[in-house]
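Shown next: query_37.csv, containing CSV, C-alpha atoms and all ligand atoms.
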chain,number,residue,atom,x,y,z
O,1,MET,CA,22.0,14.8,3.4
O,2,TRP,CA,25.1,13.1,2.0
O,3,MET,CA,24.9,9.5,0.7
O,4,THR,CA,27.8,7.2,-0.1
O,5,GLN,CA,27.6,5.3,-3.3
O,6,VAL,CA,29.8,2.5,-4.5
O,7,VAL,CA,30.7,2.9,-8.2
O,8,SER,CA,32.6,0.4,-10.2
O,9,GLY,CA,34.9,0.7,-13.2
O,10,ARG,CA,37.8,-1.1,-14.9
O,11,CYS,CA,41.5,-0.6,-14.5
O,12,ALA,CA,42.5,-0.5,-18.2
O,13,SER,CA,46.1,-1.6,-17.7
O,14,GLU,CA,45.4,-4.7,-15.6
O,15,GLY,CA,41.8,-5.5,-16.7
O,16,LEU,CA,40.6,-5.5,-13.1
O,17,LYS,CA,37.3,-4.4,-11.8
O,18,ILE,CA,37.8,-1.6,-9.3
O,19,PHE,CA,35.4,-0.1,-6.8
O,20,ARG,CA,35.4,3.3,-5.2
O,21,THR,CA,33.0,5.2,-3.1
O,22,VAL,CA,31.7,8.7,-3.9
O,23,GLU,CA,29.7,11.1,-1.7
O,24,ILE,CA,26.5,12.4,-3.2
O,25,ARG,CA,24.6,15.4,-1.9
O,26,ILE,CA,20.8,14.7,-1.7
O,27,GLU,CA,18.6,17.6,-0.9
O,28,SER,CA,14.9,17.5,-0.1
O,29,VAL,CA,13.1,20.3,-1.9
O,30,ASP,CA,9.4,21.4,-2.0
O,31,ILE,CA,8.3,23.0,-5.2
O,32,VAL,CA,4.9,24.1,-6.7
O,33,LEU,CA,4.1,23.7,-10.4
O,34,PRO,CA,1.0,24.5,-12.5
O,35,LEU,CA,-1.0,21.3,-13.2
O,36,ASP,CA,-0.1,21.2,-16.9
O,37,ARG,CA,3.7,21.2,-16.1
O,38,SER,CA,3.7,19.1,-13.0
O,39,GLU,CA,4.6,15.8,-14.8
O,40,ASP,CA,7.3,17.4,-16.8
O,41,ASP,CA,10.8,16.3,-15.7
O,42,VAL,CA,12.5,19.4,-17.1
O,43,ALA,CA,10.1,21.7,-15.3
O,44,ARG,CA,10.7,19.8,-12.0
O,45,ARG,CA,14.5,20.0,-12.4
O,46,GLU,CA,14.3,23.7,-13.3
O,47,ALA,CA,12.2,24.5,-10.2
O,48,ALA,CA,14.4,22.4,-8.0
O,49,ALA,CA,17.5,24.0,-9.2
O,50,ALA,CA,16.0,27.5,-8.7
O,51,LYS,CA,15.0,26.5,-5.2
O,52,LEU,CA,18.5,25.3,-4.4
O,53,GLY,CA,20.2,28.2,-6.1
O,54,VAL,CA,22.3,26.0,-8.4
O,55,PRO,CA,22.4,25.7,-12.2
O,56,VAL,CA,20.2,22.9,-13.7
O,57,SER,CA,23.4,21.3,-15.0
O,58,ARG,CA,24.4,20.4,-11.4
O,59,ILE,CA,21.1,18.4,-10.9
O,60,GLY,CA,22.1,14.8,-11.3
O,61,GLY,CA,18.7,13.3,-10.7
O,62,ILE,CA,15.4,13.7,-8.9
O,63,VAL,CA,13.0,11.4,-7.1
O,64,LEU,CA,9.4,12.2,-6.2
O,65,ARG,CA,8.6,11.8,-2.5
O,66,LYS,CA,5.3,13.5,-2.1
O,67,HIS,CA,2.6,14.6,-4.5
O,68,SER,CA,-0.5,16.7,-3.6
O,69,ILE,CA,-2.9,18.7,-5.6
O,70,ASP,CA,-4.1,22.2,-4.5
O,71,ALA,CA,-7.4,22.8,-6.3
O,72,ARG,CA,-8.6,25.5,-4.1
O,73,GLN,CA,-8.0,28.2,-6.7
O,74,ARG,CA,-9.1,28.5,-10.3
O,75,ALA,CA,-5.5,27.8,-11.4
O,76,ILE,CA,-4.8,24.3,-10.1
O,77,LYS,CA,-1.4,23.8,-8.6
O,78,VAL,CA,0.6,20.7,-7.7
O,79,GLN,CA,2.9,20.6,-4.7
O,80,LEU,CA,5.8,18.2,-5.0
O,81,ARG,CA,8.5,17.1,-2.5
O,82,LEU,CA,11.6,15.9,-4.4
O,83,ASP,CA,14.8,14.4,-3.4
O,84,VAL,CA,17.4,16.0,-5.6
O,85,ALA,CA,21.0,14.7,-6.3
O,86,VAL,CA,23.4,17.6,-6.7
O,87,ASP,CA,26.7,17.1,-8.5
O,88,GLY,CA,26.2,13.4,-8.9
O,89,ALA,CA,23.8,10.7,-10.1
O,90,MET,CA,20.8,9.7,-8.0
O,91,PRO,CA,21.3,6.3,-6.5
O,92,GLU,CA,19.0,3.6,-8.0
O,93,GLN,CA,15.6,3.5,-6.4
O,94,LEU,CA,14.5,0.0,-5.7
O,95,LYS,CA,10.8,-1.0,-5.9
O,96,PRO,CA,9.6,-2.3,-2.5
O,97,LEU,CA,9.6,-6.1,-2.2
O,98,TRP,CA,8.2,-8.3,0.5
O,99,SER,CA,10.2,-11.3,1.4
O,100,VAL,CA,11.1,-13.3,4.5
O,101,PRO,CA,13.6,-16.0,5.3
O,102,PRO,CA,12.3,-19.6,5.2
O,103,LEU,CA,10.3,-20.7,8.2
O,104,ALA,CA,11.8,-23.2,10.6
O,105,PHE,CA,10.2,-26.7,10.3
O,106,ASP,CA,9.1,-26.5,13.9
O,107,ALA,CA,7.9,-22.9,13.7
O,108,ARG,CA,5.1,-22.0,16.1
O,109,VAL,CA,1.6,-21.9,14.5
O,110,VAL,CA,-0.9,-19.1,14.8
O,111,VAL,CA,-4.5,-19.4,13.7
O,112,ILE,CA,-6.0,-16.2,12.3
O,113,VAL,CA,-9.8,-15.9,11.8
O,114,GLY,CA,-10.7,-13.9,8.7
O,115,CYS,CA,-8.8,-13.1,5.5
O,116,GLY,CA,-9.7,-9.4,5.5
O,117,PRO,CA,-7.0,-6.7,5.5
O,118,ALA,CA,-6.4,-7.3,9.3
O,119,GLY,CA,-6.0,-11.0,8.9
O,120,MET,CA,-3.8,-10.8,5.8
O,121,PHE,CA,-1.4,-8.2,7.4
O,122,ALA,CA,-1.4,-10.2,10.6
O,123,ALA,CA,-0.3,-13.2,8.6
O,124,LEU,CA,2.5,-11.3,6.9
O,125,ARG,CA,3.7,-10.0,10.2
O,126,CYS,CA,3.6,-13.5,11.7
O,127,LEU,CA,5.8,-14.7,8.8
O,128,GLU,CA,8.2,-11.8,9.4
O,129,LEU,CA,8.5,-13.0,13.0
O,130,GLY,CA,9.1,-16.6,12.0
O,131,VAL,CA,5.6,-17.8,13.0
O,132,ARG,CA,3.5,-20.0,10.6
O,133,PRO,CA,0.0,-18.4,10.1
O,134,ILE,CA,-3.1,-20.4,9.2
O,135,ILE,CA,-5.9,-18.2,8.0
O,136,LEU,CA,-9.5,-19.5,8.3
O,137,GLU,CA,-11.9,-17.7,6.0
O,138,ARG,CA,-15.6,-18.4,5.9
O,139,GLY,CA,-15.9,-17.0,2.3
O,140,LYS,CA,-14.4,-17.9,-1.0
O,141,ASP,CA,-11.3,-16.7,-2.7
O,142,ALA,CA,-11.5,-13.4,-4.6
O,143,SER,CA,-12.0,-14.9,-8.0
O,144,ALA,CA,-14.9,-17.2,-7.0
O,145,ARG,CA,-16.3,-14.5,-4.8
O,146,ARG,CA,-16.8,-12.1,-7.8
O,147,PHE,CA,-19.5,-14.5,-9.2
O,148,ASP,CA,-21.4,-14.5,-5.9
O,149,LEU,CA,-21.9,-10.7,-6.1
O,150,ALA,CA,-24.2,-11.0,-9.1
O,151,PRO,CA,-27.3,-12.2,-7.2
O,152,ILE,CA,-27.1,-9.2,-4.9
O,153,LEU,CA,-27.1,-6.8,-7.8
O,154,ARG,CA,-29.6,-8.7,-10.0
O,155,GLU,CA,-32.1,-10.1,-7.5
O,156,GLY,CA,-31.2,-8.5,-4.2
O,157,ARG,CA,-30.3,-11.9,-2.9
O,158,VAL,CA,-27.3,-12.2,-0.6
O,159,ILE,CA,-25.3,-15.5,-0.5
O,160,GLU,CA,-24.7,-15.7,3.2
O,161,GLU,CA,-21.0,-16.9,3.1
O,162,SER,CA,-19.7,-15.2,0.0
O,163,ASN,CA,-20.7,-11.6,-0.7
O,164,TYR,CA,-19.3,-8.0,-0.5
O,165,CYS,CA,-18.2,-8.5,3.0
O,166,PHE,CA,-17.2,-12.2,3.3
O,167,GLY,CA,-14.4,-13.8,1.4
O,168,GLU,CA,-10.7,-13.2,0.5
O,169,GLY,CA,-9.7,-9.7,1.2
O,170,GLY,CA,-12.7,-9.1,3.5
O,171,ALA,CA,-14.8,-6.0,3.0
O,172,GLY,CA,-11.8,-4.3,1.4
O,173,THR,CA,-11.6,-6.4,-1.8
O,174,PHE,CA,-14.4,-4.7,-3.7
O,175,SER,CA,-14.0,-1.4,-2.0
O,176,ASP,CA,-12.6,1.7,-3.7
O,177,GLY,CA,-9.2,1.1,-2.1
O,178,LYS,CA,-8.8,4.6,-0.7
O,179,LEU,CA,-5.8,4.5,1.5
O,180,TYR,CA,-6.1,7.8,3.3
O,181,THR,CA,-7.9,8.8,6.4
O,182,ARG,CA,-8.8,12.0,8.1
O,183,ALA,CA,-7.7,10.6,11.4
O,184,THR,CA,-4.8,12.5,12.8
O,185,LYS,CA,-3.4,9.5,14.7
O,186,ARG,CA,-2.2,7.5,11.8
O,187,GLY,CA,0.9,5.7,13.0
O,188,PRO,CA,3.6,4.4,10.7
O,189,VAL,CA,1.6,3.6,7.5
O,190,ALA,CA,4.5,3.7,5.1
O,191,LYS,CA,5.2,0.0,5.5
O,192,VAL,CA,1.6,-0.8,4.7
O,193,TYR,CA,1.9,1.1,1.4
O,194,GLU,CA,5.2,-0.6,0.6
O,195,ILE,CA,3.7,-4.0,1.2
O,196,LEU,CA,0.7,-3.1,-1.1
O,197,VAL,CA,3.1,-1.9,-3.8
O,198,ALA,CA,5.2,-5.0,-3.5
O,199,HIS,CA,2.0,-6.9,-4.3
O,200,GLY,CA,1.0,-4.9,-7.3
O,201,ALA,CA,-0.5,-1.6,-6.1
O,202,PRO,CA,0.7,1.4,-8.2
O,203,GLU,CA,3.9,2.9,-7.0
O,204,ARG,CA,2.2,6.3,-6.8
O,205,VAL,CA,0.5,5.3,-3.5
O,206,LEU,CA,3.9,5.8,-1.9
O,207,THR,CA,3.9,9.5,-2.8
O,208,ASP,CA,0.3,10.7,-3.3
O,209,ALA,CA,-1.2,12.8,-0.5
O,210,HIS,CA,-4.5,10.9,-1.1
O,211,PRO,CA,-3.3,7.4,-2.2
O,212,HIS,CA,-5.8,5.2,-3.9
O,213,ILE,CA,-5.5,1.7,-5.4
O,214,GLY,CA,-8.8,1.4,-7.3
O,215,SER,CA,-11.4,-1.3,-7.2
O,216,ASN,CA,-10.1,-2.7,-10.5
O,217,LEU,CA,-6.7,-3.5,-9.1
O,218,LEU,CA,-7.5,-4.4,-5.5
O,219,PRO,CA,-8.6,-8.0,-6.0
O,220,ASN,CA,-5.3,-8.8,-7.7
O,221,VAL,CA,-3.3,-7.2,-4.9
O,222,VAL,CA,-5.2,-9.3,-2.4
O,223,LYS,CA,-4.5,-12.5,-4.4
O,224,ALA,CA,-0.8,-11.6,-4.7
O,225,MET,CA,-0.7,-11.2,-0.9
O,226,ARG,CA,-2.2,-14.6,-0.4
O,227,ALA,CA,0.4,-16.0,-2.8
O,228,SER,CA,3.1,-14.5,-0.7
O,229,ILE,CA,1.6,-15.9,2.5
O,230,ILE,CA,1.5,-19.4,1.0
O,231,ALA,CA,4.9,-19.2,-0.6
O,232,ALA,CA,6.5,-18.2,2.7
O,233,GLY,CA,4.9,-21.2,4.5
O,234,GLY,CA,1.5,-20.0,5.6
O,235,GLU,CA,-1.8,-21.4,4.8
O,236,VAL,CA,-5.2,-19.9,3.8
O,237,ARG,CA,-8.3,-22.1,4.1
O,238,PHE,CA,-11.4,-20.8,2.3
O,239,GLU,CA,-15.0,-21.8,3.0
O,240,THR,CA,-13.8,-22.5,6.6
O,241,LYS,CA,-16.1,-20.8,9.1
O,242,VAL,CA,-15.0,-20.6,12.7
O,243,VAL,CA,-18.1,-21.5,14.8
O,244,ASP,CA,-16.7,-22.2,18.2
O,245,PHE,CA,-13.5,-22.5,20.2
O,246,LEU,CA,-12.3,-25.6,22.1
O,247,LEU,CA,-10.9,-24.1,25.3
O,248,LYS,CA,-8.4,-26.2,27.3
O,249,GLN,CA,-7.2,-25.3,30.8
O,301,LIG,C1,-18.4,-0.9,0.2
O,301,LIG,C2,-17.2,-0.6,1.1
O,301,LIG,C3,-16.2,0.3,0.6
O,301,LIG,C4,-15.1,0.6,1.4
O,301,LIG,N1,-14.1,1.4,0.9
O,301,LIG,C5,-13.0,1.6,1.6
O,301,LIG,C6,-12.0,2.4,1.1
O,301,LIG,O1,-12.0,2.9,0.0
O,301,LIG,N2,-10.9,2.5,1.9
O,301,LIG,C7,-10.8,2.0,3.1
O,301,LIG,O2,-9.7,2.1,3.8
O,301,LIG,N3,-11.7,1.2,3.7
O,301,LIG,C8,-12.9,1.0,2.9
O,301,LIG,N4,-13.8,0.2,3.5
O,301,LIG,C9,-13.7,-0.3,4.8
O,301,LIG,C10,-12.7,-1.5,4.8
O,301,LIG,O3,-13.2,-2.5,3.8
O,301,LIG,C11,-12.7,-2.2,6.2
O,301,LIG,O4,-12.2,-1.2,7.1
O,301,LIG,C12,-11.7,-3.4,6.2
O,301,LIG,O5,-12.1,-4.3,5.3
O,301,LIG,C13,-11.7,-4.0,7.6
O,301,LIG,O6,-10.8,-5.0,7.6
O,301,LIG,P1,-10.9,-6.2,8.6
O,301,LIG,O7,-9.9,-7.2,8.2
O,301,LIG,O8,-10.8,-5.7,10.0
O,301,LIG,O9,-12.3,-6.8,8.5
O,301,LIG,P2,-13.1,-7.4,7.2
O,301,LIG,O10,-12.6,-6.8,6.0
O,301,LIG,O11,-14.5,-7.4,7.6
O,301,LIG,O12,-12.6,-8.9,7.2
O,301,LIG,C14,-13.1,-9.9,8.1
O,301,LIG,C15,-13.0,-11.3,7.4
O,301,LIG,O13,-13.3,-12.3,8.3
O,301,LIG,C16,-14.1,-13.2,7.8
O,301,LIG,N5,-14.9,-13.8,8.9
O,301,LIG,C17,-15.8,-13.2,9.7
O,301,LIG,N6,-16.3,-14.1,10.5
O,301,LIG,C18,-15.6,-15.3,10.3
O,301,LIG,C19,-15.7,-16.6,10.9
O,301,LIG,N7,-16.5,-16.9,11.9
O,301,LIG,N8,-14.9,-17.6,10.4
O,301,LIG,C20,-14.1,-17.4,9.4
O,301,LIG,N9,-14.0,-16.2,8.8
O,301,LIG,C21,-14.8,-15.1,9.2
O,301,LIG,C22,-15.0,-12.5,6.8
O,301,LIG,O14,-15.5,-13.3,5.8
O,301,LIG,C23,-14.0,-11.4,6.3
O,301,LIG,O15,-13.4,-11.9,5.1
O,301,LIG,C24,-15.0,-0.1,2.7
O,301,LIG,C25,-15.9,-1.0,3.1
O,301,LIG,C26,-17.0,-1.3,2.3
O,301,LIG,C27,-18.1,-2.3,2.8
Whole structure, structure tokens version:
Amino acid sequence: MWMTQVVSGRCASEGLKIFRTVEIRIESVDIVLPLDRSEDDVARREAAAAKLGVPVSRIGGIVLRKHSIDARQRAIKVQLRLDVAVDGAMPEQLKPLWSVPPLAFDARVVVIVGCGPAGMFAALRCLELGVRPIILERGKDASARRFDLAPILREGRVIEESNYCFGEGGAGTFSDGKLYTRATKRGPVAKVYEILVAHGAPERVLTDAHPHIGSNLLPNVVKAMRASIIAAGGEVRFETKVVDFLLKQ
């Protein structure tokens, strides 16, 4: 693959900033390294250069695209897929961000029941489509909810509206945050990972074969997603249980 990059410099005689475009060759390469060398940038560059049949000096930069561990044998190996820039610098890699244009003042409103993963992603999608979401959640926000877990652990008593399943982030908030599945029909999940990273999940979820956020980080990711929803014009109402629908026509 060839990429065009705009580089800037200064024209010394006239003091002007000048721009020119350069073509950069980017190759996708699969390499395998022993576990103890797999995080070593030099080892990665050397293996990539060997695979491409070029001297290491021609490798201008590498970016990790996929990371998986093969622990089937005694000697653990790590399989890596890299993007490799040959004869030029690797273009800057931007961290995923989630942002949308401001909502129109008369944007259509959609009411979403439940602030679990489905409700939160639905709200973000509404905002992307210019629709104002209002999430109604029977439980409490993630911080308040944490205190309501104690009676379950200590006394076996469940607080009906605020527990491991009900509240901000739904059943996912205090889960392990495993993001992989054995299902073969997965659909385009890359965007989901990018949204999670934009809200504080570790960037390695974009490359790991078995991505995992961790229960220590998940509540903050969930809170950051709520902040995005509100900042973009949506609403989240906690302790608001839907009990019935008023049907017209
Ligand atoms: C202990 C545990 C560990 C898990 N670990 C993982 C994991 O590691 N990886 C993984 O991918 N999945 C995991 N899961 C599964 C994952 O949490 C669920 O698949 C996911 O939460 C489902 O999302 P959801 O939005 O569809 O529903 P839910 O998360 O159930 O969200 C529904 C929300 O709606 C609210 N609600 C319900 N009724 C009403 C009402 N009448 N009015 C207002 N609000 C209402 C609830 O309070 C809740 O917040 C785990 C689940 C549990 C319980």
Next on the checklist: Which residues are near ligand LIG 301 (chain O) - at most 8 Å, using only C-alpha atoms and all ligand atoms? Format: as a ChimeraX atom specification.
Outcome noted: /O:113-120,136-139,161-162,164-181,212,239-243
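Distance-wise, CA of Val63 in chain O and CA of Arg125 in chain O end up 29.0 Å apart.
Between CA of Val32 in chain O and CA of Gln73 in chain O there is a distance of 13.5 Å.
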Item to check | CA of Val192 in chain O to CA of Leu97 in chain O, straight-line distance in Å | outcome: 11.8 Å
Next on the checklist: Env of range 46-52 of chain O: 9 Å cut, atoms = all atoms listed in the file, seq-sep filter 6 positions within chain, self excluded. Answer as a ChimeraX atom specification.
Outcome noted: /O:27,29-33,58-59,62,82,84
